[in-house]
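*Asks:* The structure's right below; bear with me while I get my questions together.
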Amino acid sequence: MGTSSDLLSRENAYLDSQRKEYRELKAMFKLMTTHTSQALLRKSQVIMKRWEERARKEIASAYGTASLSLRDPLPRHLEQLAAALSSSGEKSTSEIAVTTAHKEGVGKIHGRDRANTSSYSIAEVIFEYRILRQVTIQVLEEETPLTAIEREIITDLIEQAVNDAAAEFSEAVRDMRDQYTETLTH
């Protein structure tokens, strides 16, 4: 049997090796997510083109909408996704989703824009984001499979934007209804 100082030395050596292994894994993950972040920025136009094609086919209200109006702030959302992927080693996925999505308010802008387009429903707004998530993952995985964490970051950030868009859409519709009611009563 060794002395307590020998045991302590072995434990410290083991902990040091575990810390080193953790730092190496973290650095390797950072390189992977940085690669995915760069791929997302590089392929954002492809993602938006495929998203628009699907939206026009699958969402009735999108059919006659002008391209720029249909896309509105969604390219900015892809930039947010890329930034979130590149900072994924520093925060939890839920922290990334909340701080990134709320900071720019892309979901809110998208929701209000859709509410001001009379033909859109809240279900269609939500479906637009579902298509965006599917297309984003599909395009990125054409190059290389995503890790579970990368997939979670993308999903969490899009879900946060959906929440923001739906809340803003509902608030905008309520505001318009209140204005209409006020106009009728005066």
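Following the order of the structure tokens, chains are lettered A, B, ..., residues in each are numbered from 1, and ligands are numbered from 1.
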Tell me, as a list of chain:residue names, which residues lie within 7 Å of Ala115 of chain A, counting only C-alpha atoms; anything in the same chain fewer than 3 positions away does not count.

*Replies:*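 Within the cut-off, the hits are A:Gly111, A:Arg112, A:Ser118, A:Tyr120, A:Phe169, A:Ala172, A:Val173.
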
*Asks:* Keeping only N, CA and C atoms, write the selected residues to a file as a PDB file, in the first residue's frame.

*Replies:*
ATOM      1  N   GLY A 111     -42.633  37.317 -37.619  1.00  0.00           N
ATOM      2  CA  GLY A 111     -44.022  37.155 -37.173  1.00  0.00           C
ATOM      3  C   GLY A 111     -44.874  38.374 -37.462  1.00  0.00           C
ATOM      4  N   ARG A 112     -44.344  39.562 -37.186  1.00  0.00           N
ATOM      5  CA  ARG A 112     -45.099  40.789 -37.439  1.00  0.00           C
ATOM      6  C   ARG A 112     -45.307  40.987 -38.937  1.00  0.00           C
ATOM      7  N   SER A 118     -52.202  39.757 -44.977  1.00  0.00           N
ATOM      8  CA  SER A 118     -53.522  39.280 -44.561  1.00  0.00           C
ATOM      9  C   SER A 118     -53.796  37.807 -44.811  1.00  0.00           C
ATOM     10  N   TYR A 120     -51.761  35.210 -44.442  1.00  0.00           N
ATOM     11  CA  TYR A 120     -51.013  34.258 -43.617  1.00  0.00           C
ATOM     12  C   TYR A 120     -51.753  33.899 -42.336  1.00  0.00           C
ATOM     13  N   PHE A 169     -46.764  37.485 -33.988  1.00  0.00           N
ATOM     14  CA  PHE A 169     -47.882  37.363 -34.923  1.00  0.00           C
ATOM     15  C   PHE A 169     -49.194  37.558 -34.160  1.00  0.00           C
ATOM     16  N   ALA A 172     -49.591  41.169 -33.039  1.00  0.00           N
ATOM     17  CA  ALA A 172     -49.900  42.056 -34.169  1.00  0.00           C
ATOM     18  C   ALA A 172     -51.350  41.897 -34.609  1.00  0.00           C
ATOM     19  N   VAL A 173     -51.834  40.665 -34.669  1.00  0.00           N
ATOM     20  CA  VAL A 173     -53.231  40.422 -35.041  1.00  0.00           C
ATOM     21  C   VAL A 173     -54.166  41.037 -34.003  1.00  0.00           C
TER      22      VAL A 173
END

*Asks:* Using only C-alpha atoms, which residues sit within 12 Å of Glu141 of chain A once same-chain residues fewer than 3 positions away are excluded, as a list in words?

*Replies:*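 Surrounding residues, per the criterion: Thr36, Ala39, Leu40, Lys43, Ile47, Gln134, Val135, Thr136, Ile137, Gln138, Thr144, Pro145, Leu146, Thr147, Glu150 and Arg151 of chain A.
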
*Asks:* Distance table requested - segment 141-167 of chain A against segment 82-87 of chain A, cut-off 9 Å, only C-alpha atoms: one row per qualifying residue with the closest atom pair and its distance in Å to one decimal, ordered by chain and rising residue number, as a tab-separated table.

*Replies:*
residue	atom	partner	partner_atom	distance
A:Glu150	CA	A:Leu85	CA	6.7
A:Ile153	CA	A:Leu85	CA	6.9
A:Ile154	CA	A:Leu85	CA	7.9
A:Leu157	CA	A:Ala84	CA	8.3

*Asks:* Convert the current residue selection to file output with N, CA and C atoms, as a PDB file, in the first residue's frame.

*Replies:*
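So the final result, stored in selection21.pdb, reads:
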ATOM      1  N   GLU A 150     -24.744  19.950 -32.661  1.00  0.00           N
ATOM      2  CA  GLU A 150     -25.004  20.899 -33.749  1.00  0.00           C
ATOM      3  C   GLU A 150     -26.479  20.869 -34.153  1.00  0.00           C
ATOM      4  N   ILE A 153     -28.469  22.628 -31.469  1.00  0.00           N
ATOM      5  CA  ILE A 153     -28.335  24.090 -31.550  1.00  0.00           C
ATOM      6  C   ILE A 153     -29.237  24.632 -32.651  1.00  0.00           C
ATOM      7  N   ILE A 154     -29.200  24.010 -33.816  1.00  0.00           N
ATOM      8  CA  ILE A 154     -30.035  24.453 -34.941  1.00  0.00           C
ATOM      9  C   ILE A 154     -31.510  24.363 -34.564  1.00  0.00           C
ATOM     10  N   LEU A 157     -32.469  26.959 -31.750  1.00  0.00           N
ATOM     11  CA  LEU A 157     -32.513  28.338 -32.242  1.00  0.00           C
ATOM     12  C   LEU A 157     -33.738  28.569 -33.122  1.00  0.00           C
TER      13      LEU A 157
END

*Asks:* Pick from A:Ala13, A:Leu184, A:Ile109, A:Met176: nearest to Val162 of chain A, with only C-alpha atoms counted?

*Replies:* A:Ile109

*Asks:* Please measure the separation of atom CA of Glu171 of chain A and atom CA of Thr183 of chain A, giving the value in Å to one decimal.

*Replies:*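 Distance reported for this atom pair: 18.2 Å.
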
*Asks:* What's the separation between atom CA of Val139 of chain A and atom CA of Arg50 of chain A, in Å to one decimal place?

*Replies:*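 Between atom CA of Val139 of chain A and atom CA of Arg50 of chain A the gap works out to 9.0 Å.
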
*Asks:* Please return as a tab-separated table (two decimals) with N, CA, C and O atoms, in the first residue's frame: the residues of segment 117-175 of chain A that backbone DSSP assigns to helix (DSSP H, G or I).

*Replies:*
chain	number	residue	atom	x	y	z
A	122	ILE	N	-51.16	31.77	-38.49
A	122	ILE	CA	-50.07	31.44	-37.56
A	122	ILE	C	-49.52	30.05	-37.84
A	122	ILE	O	-48.31	29.82	-37.73
A	123	ALA	N	-50.38	29.13	-38.27
A	123	ALA	CA	-49.92	27.78	-38.61
A	123	ALA	C	-48.93	27.82	-39.78
A	123	ALA	O	-47.95	27.07	-39.80
A	124	GLU	N	-49.17	28.71	-40.73
A	124	GLU	CA	-48.25	28.82	-41.87
A	124	GLU	C	-46.91	29.41	-41.45
A	124	GLU	O	-45.87	29.01	-41.95
A	125	VAL	N	-46.93	30.36	-40.53
A	125	VAL	CA	-45.68	30.93	-40.00
A	125	VAL	C	-44.86	29.84	-39.33
A	125	VAL	O	-43.65	29.71	-39.57
A	126	ILE	N	-45.50	29.03	-38.53
A	126	ILE	CA	-44.81	27.94	-37.84
A	126	ILE	C	-44.28	26.93	-38.87
A	126	ILE	O	-43.14	26.46	-38.75
A	127	PHE	N	-45.07	26.65	-39.88
A	127	PHE	CA	-44.64	25.70	-40.91
A	127	PHE	C	-43.44	26.22	-41.69
A	127	PHE	O	-42.57	25.45	-42.10
A	128	GLU	N	-43.37	27.54	-41.91
A	128	GLU	CA	-42.21	28.11	-42.60
A	128	GLU	C	-40.92	27.77	-41.85
A	128	GLU	O	-39.91	27.43	-42.46
A	129	TYR	N	-40.97	27.86	-40.53
A	129	TYR	CA	-39.78	27.55	-39.73
A	129	TYR	C	-39.47	26.05	-39.75
A	129	TYR	O	-38.31	25.66	-39.70
A	130	ARG	N	-40.50	25.24	-39.81
A	130	ARG	CA	-40.28	23.80	-39.91
A	130	ARG	C	-39.53	23.48	-41.21
A	130	ARG	O	-38.57	22.71	-41.23
A	131	ILE	N	-39.96	24.09	-42.29
A	131	ILE	CA	-39.28	23.91	-43.57
A	131	ILE	C	-37.85	24.42	-43.48
A	131	ILE	O	-36.92	23.76	-43.97
A	132	LEU	N	-37.65	25.57	-42.85
A	132	LEU	CA	-36.30	26.13	-42.71
A	132	LEU	C	-35.39	25.16	-41.96
A	132	LEU	O	-34.25	24.93	-42.36
A	133	ARG	N	-35.89	24.58	-40.88
A	133	ARG	CA	-35.08	23.62	-40.10
A	133	ARG	C	-34.73	22.41	-40.97
A	133	ARG	O	-33.57	21.99	-41.04
A	134	GLN	N	-35.73	21.86	-41.65
A	134	GLN	CA	-35.49	20.68	-42.48
A	134	GLN	C	-34.48	20.95	-43.59
A	134	GLN	O	-33.55	20.17	-43.81
A	135	VAL	N	-34.65	22.06	-44.28
A	135	VAL	CA	-33.76	22.40	-45.40
A	135	VAL	C	-32.34	22.69	-44.89
A	135	VAL	O	-31.36	22.24	-45.49
A	136	THR	N	-32.24	23.41	-43.79
A	136	THR	CA	-30.92	23.74	-43.24
A	136	THR	C	-30.15	22.47	-42.90
A	136	THR	O	-28.99	22.31	-43.30
A	137	ILE	N	-30.79	21.56	-42.20
A	137	ILE	CA	-30.12	20.31	-41.82
A	137	ILE	C	-29.79	19.49	-43.07
A	137	ILE	O	-28.68	18.96	-43.20
A	138	GLN	N	-30.72	19.42	-44.00
A	138	GLN	CA	-30.50	18.64	-45.23
A	138	GLN	C	-29.29	19.18	-46.00
A	138	GLN	O	-28.41	18.42	-46.41
A	139	VAL	N	-29.23	20.48	-46.20
A	139	VAL	CA	-28.14	21.08	-46.98
A	139	VAL	C	-26.81	20.89	-46.25
A	139	VAL	O	-25.80	20.53	-46.88
A	140	LEU	N	-26.78	21.12	-44.95
A	140	LEU	CA	-25.52	20.96	-44.22
A	140	LEU	C	-25.05	19.51	-44.22
A	140	LEU	O	-23.85	19.25	-44.33
A	141	GLU	N	-25.98	18.58	-44.15
A	141	GLU	CA	-25.58	17.17	-44.11
A	141	GLU	C	-25.21	16.62	-45.49
A	141	GLU	O	-24.71	15.50	-45.59
A	142	GLU	N	-25.42	17.38	-46.54
A	142	GLU	CA	-24.93	16.96	-47.85
A	142	GLU	C	-23.40	16.97	-47.86
A	142	GLU	O	-22.77	16.23	-48.61
A	143	GLU	N	-22.82	17.82	-47.01
A	143	GLU	CA	-21.37	17.94	-46.92
A	143	GLU	C	-20.79	16.98	-45.89
A	143	GLU	O	-19.83	16.28	-46.15
A	148	ALA	N	-24.80	15.57	-32.79
A	148	ALA	CA	-26.05	15.73	-32.04
A	148	ALA	C	-26.15	17.14	-31.47
A	148	ALA	O	-27.23	17.75	-31.46
A	149	ILE	N	-25.05	17.70	-31.00
A	149	ILE	CA	-25.08	19.04	-30.42
A	149	ILE	C	-25.35	20.09	-31.49
A	149	ILE	O	-26.12	21.02	-31.27
A	150	GLU	N	-24.74	19.95	-32.66
A	150	GLU	CA	-25.00	20.90	-33.75
A	150	GLU	C	-26.48	20.87	-34.15
A	150	GLU	O	-27.11	21.91	-34.34
A	151	ARG	N	-27.01	19.67	-34.26
A	151	ARG	CA	-28.43	19.50	-34.59
A	151	ARG	C	-29.30	20.16	-33.51
A	151	ARG	O	-30.30	20.82	-33.82
A	152	GLU	N	-28.93	19.97	-32.26
A	152	GLU	CA	-29.69	20.55	-31.15
A	152	GLU	C	-29.64	22.08	-31.17
A	152	GLU	O	-30.65	22.75	-30.94
A	153	ILE	N	-28.47	22.63	-31.47
A	153	ILE	CA	-28.33	24.09	-31.55
A	153	ILE	C	-29.24	24.63	-32.65
A	153	ILE	O	-29.98	25.60	-32.45
A	154	ILE	N	-29.20	24.01	-33.82
A	154	ILE	CA	-30.04	24.45	-34.94
A	154	ILE	C	-31.51	24.36	-34.56
A	154	ILE	O	-32.28	25.31	-34.75
A	155	THR	N	-31.90	23.22	-34.00
A	155	THR	CA	-33.31	23.02	-33.62
A	155	THR	C	-33.72	24.01	-32.54
A	155	THR	O	-34.79	24.64	-32.65
A	156	ASP	N	-32.90	24.18	-31.49
A	156	ASP	CA	-33.25	25.10	-30.41
A	156	ASP	C	-33.39	26.54	-30.90
A	156	ASP	O	-34.31	27.25	-30.52
A	157	LEU	N	-32.47	26.96	-31.75
A	157	LEU	CA	-32.51	28.34	-32.24
A	157	LEU	C	-33.74	28.57	-33.12
A	157	LEU	O	-34.39	29.60	-33.03
A	158	ILE	N	-34.07	27.60	-33.95
A	158	ILE	CA	-35.26	27.74	-34.80
A	158	ILE	C	-36.52	27.68	-33.95
A	158	ILE	O	-37.46	28.45	-34.18
A	159	GLU	N	-36.56	26.81	-32.95
A	159	GLU	CA	-37.72	26.76	-32.05
A	159	GLU	C	-37.90	28.09	-31.32
A	159	GLU	O	-39.03	28.55	-31.15
A	160	GLN	N	-36.81	28.71	-30.89
A	160	GLN	CA	-36.91	30.00	-30.22
A	160	GLN	C	-37.47	31.05	-31.17
A	160	GLN	O	-38.31	31.86	-30.81
A	161	ALA	N	-37.00	31.02	-32.43
A	161	ALA	CA	-37.50	31.97	-33.43
A	161	ALA	C	-38.98	31.72	-33.71
A	161	ALA	O	-39.75	32.67	-33.88
A	162	VAL	N	-39.40	30.45	-33.73
A	162	VAL	CA	-40.82	30.12	-33.92
A	162	VAL	C	-41.64	30.70	-32.77
A	162	VAL	O	-42.70	31.31	-32.99
A	163	ASN	N	-41.16	30.51	-31.55
A	163	ASN	CA	-41.87	31.05	-30.38
A	163	ASN	C	-42.01	32.57	-30.50
A	163	ASN	O	-43.09	33.12	-30.27
A	164	ASP	N	-40.91	33.23	-30.84
A	164	ASP	CA	-40.93	34.69	-30.98
A	164	ASP	C	-41.88	35.12	-32.11
A	164	ASP	O	-42.64	36.07	-31.96
A	165	ALA	N	-41.81	34.41	-33.24
A	165	ALA	CA	-42.66	34.76	-34.39
A	165	ALA	C	-44.14	34.56	-34.06
A	165	ALA	O	-44.97	35.41	-34.38
A	166	ALA	N	-44.46	33.45	-33.42
A	166	ALA	CA	-45.86	33.17	-33.07
A	166	ALA	C	-46.39	34.20	-32.08
A	166	ALA	O	-47.52	34.68	-32.23
A	167	ALA	N	-45.59	34.54	-31.08
A	167	ALA	CA	-46.03	35.53	-30.10
A	167	ALA	C	-46.23	36.89	-30.76
A	167	ALA	O	-47.23	37.57	-30.52
A	168	GLU	N	-45.30	37.28	-31.61
A	168	GLU	CA	-45.41	38.58	-32.29
A	168	GLU	C	-46.57	38.59	-33.28
A	168	GLU	O	-47.27	39.59	-33.41
A	169	PHE	N	-46.76	37.49	-33.99
A	169	PHE	CA	-47.88	37.36	-34.92
A	169	PHE	C	-49.19	37.56	-34.16
A	169	PHE	O	-50.05	38.35	-34.57
A	170	SER	N	-49.34	36.86	-33.05
A	170	SER	CA	-50.58	36.96	-32.24
A	170	SER	C	-50.78	38.38	-31.73
A	170	SER	O	-51.90	38.90	-31.75
A	171	GLU	N	-49.69	38.99	-31.26
A	171	GLU	CA	-49.80	40.36	-30.74
A	171	GLU	C	-50.18	41.34	-31.86
A	171	GLU	O	-51.03	42.22	-31.67
A	172	ALA	N	-49.59	41.17	-33.04
A	172	ALA	CA	-49.90	42.06	-34.17
A	172	ALA	C	-51.35	41.90	-34.61
A	172	ALA	O	-52.04	42.88	-34.89
A	173	VAL	N	-51.83	40.66	-34.67
A	173	VAL	CA	-53.23	40.42	-35.04
A	173	VAL	C	-54.17	41.04	-34.00
A	173	VAL	O	-55.17	41.67	-34.35
A	174	ARG	N	-53.83	40.89	-32.73
A	174	ARG	CA	-54.63	41.48	-31.66
A	174	ARG	C	-54.64	43.01	-31.78
A	174	ARG	O	-55.69	43.65	-31.66
A	175	ASP	N	-53.48	43.60	-32.06
A	175	ASP	CA	-53.39	45.06	-32.24
A	175	ASP	C	-54.25	45.53	-33.41
A	175	ASP	O	-54.96	46.53	-33.30

*Asks:* Quick one: of A:Glu79, A:Met48, A:Ser119, A:Asn12, who's nearest to Gly64 of chain A, counting only C-alpha atoms?

*Replies:*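 Among the listed residues, the smallest separation from Gly64 of chain A belongs to A:Ser119.
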
*Asks:* So the first atom is atom CA of Arg54 of chain A and the second is atom CA of His77 of chain A; what is the distance between them in Å, to one decimal place?

*Replies:* 17.6 Å

*Asks:* Which one is closest to Ser44 of chain A: A:Val106, A:Thr185, A:Leu81, A:Arg56? Count only C-alpha atoms.

*Replies:*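 With only C-alpha atoms as the atom set, the closest residue is A:Leu81.
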
*Asks:* Using only C-alpha atoms, find the one residue out of A:Gly105, A:Tyr180, A:Glu11, A:Ala62 that sits nearest to Gln80 of chain A.

*Replies:* A:Gly105
